[in-house]
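Here is the structure we will look at, set down as structure tokens.
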Amino acid sequence: MLEIKVPFNSPIDRKTEVYINEGNILENGKLLNEFQVCNQYTIQGDRFSLAVIEDKPVEIPLEDSMKNMAVIEAIFKSSKTGKWESPNI
């Protein structure tokens with residue numbers, strides 16, 4: 001089992017931790033990785049602004065966002081059908 005503490009909208013006052021647990025799910029997992037404190041929205045805004053100022057493409061293309069949404073939609077569909085749902089990419 002892979003557990004990410006606060007996987008979305010990471011807090012700006014503590015690290016985001018990733019744990020792995022290969023045994024009983026009731027046991028505490030082993031710390032696999034941790035991400036330093038940051039404000040992800042500030043970073044996103046700064047990088048977008050820099051791309052505009054320097055007239056360069058953004059680091060992560062719009063197609064990636066569209067693929068992410070397809071995966072999220074497949075997850076929601078899977079929660080309703082109880083089956084594996086493939087993203088429409």
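Chain labels A, B, ... are given in the sequence in which chains occur in the structure tokens; within each chain residues are numbered consecutively from 1, and ligands are likewise numbered from 1 in the order shown.
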
Taking the DSSP secondary structure from the backbone, can you list the residues of range 16-68 of chain A that are strand (DSSP E), as JSON, numbers by chain? {"A": [16, 17, 18, 19, 20, 30, 31, 32, 33, 34, 35]}

Would you kindly return, as a PyMOL selection string, each protein, DNA or RNA residue with an atom no farther than 8 Å from any atom of Arg14 in chain A, considering only C-alpha atoms and excluding same-chain residues fewer than 2 positions away? chain A and resi 11-12+16+36-37

Please dump the current selection as a PDB file, in the first residue's frame; keep C-alpha atoms.
ATOM      1  CA  PRO A  11      -0.023  22.215   3.238  1.00  0.00           C
ATOM      2  CA  ILE A  12       2.370  25.167   3.214  1.00  0.00           C
ATOM      3  CA  THR A  16       4.291  16.061   2.358  1.00  0.00           C
ATOM      4  CA  GLN A  36       9.845  19.972   1.142  1.00  0.00           C
ATOM      5  CA  VAL A  37       7.402  22.652   2.209  1.00  0.00           C
TER       6      VAL A  37
END

Near Ala70 in chain A, within 12 Å and counting only C-alpha atoms, which residues show up once chain neighbours fewer than 4 positions away are dropped, as a CSV table (one decimal) with N, CA and C atoms, in the first residue's frame?
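For reference, part08.csv as written:
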chain,number,residue,atom,x,y,z
A,63,GLU,N,-2.3,19.6,-22.8
A,63,GLU,CA,-2.7,18.1,-23.0
A,63,GLU,C,-2.5,17.3,-21.8
A,64,ASP,N,-1.5,17.6,-21.0
A,64,ASP,CA,-1.3,16.9,-19.7
A,64,ASP,C,-2.5,17.1,-18.8
A,65,SER,N,-3.0,18.3,-18.7
A,65,SER,CA,-4.1,18.6,-17.9
A,65,SER,C,-5.4,17.8,-18.4
A,66,MET,N,-5.5,17.8,-19.7
A,66,MET,CA,-6.7,17.1,-20.3
A,66,MET,C,-6.6,15.6,-19.9
A,74,ALA,N,-12.4,8.7,-15.1
A,74,ALA,CA,-12.4,7.3,-15.0
A,74,ALA,C,-12.5,6.8,-13.6
A,75,ILE,N,-11.8,7.4,-12.7
A,75,ILE,CA,-11.9,7.1,-11.3
A,75,ILE,C,-13.3,7.3,-10.8
A,76,PHE,N,-13.9,8.4,-11.1
A,76,PHE,CA,-15.3,8.6,-10.6
A,76,PHE,C,-16.3,7.6,-11.2
A,77,LYS,N,-16.1,7.3,-12.5
A,77,LYS,CA,-16.9,6.2,-13.2
A,77,LYS,C,-16.7,4.9,-12.5
A,85,GLU,N,-12.1,1.1,-15.0
A,85,GLU,CA,-12.5,1.9,-16.1
A,85,GLU,C,-11.3,2.6,-16.7
A,86,SER,N,-11.1,2.5,-18.0
A,86,SER,CA,-10.0,3.1,-18.7
A,86,SER,C,-10.3,4.5,-19.0
A,87,PRO,N,-9.3,5.4,-18.9
A,87,PRO,CA,-9.5,6.8,-19.2
A,87,PRO,C,-9.7,6.9,-20.8
A,88,ASN,N,-10.5,7.9,-21.2
A,88,ASN,CA,-10.7,8.2,-22.6
A,88,ASN,C,-9.6,9.2,-23.0
A,89,ILE,N,-8.4,8.7,-23.3
A,89,ILE,CA,-7.3,9.6,-23.7
A,89,ILE,C,-7.1,9.5,-25.2

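Our summary of the geometry notes that CA of Glu17 in chain A is positioned 24.3 Å from CA of Asp46 in chain A.
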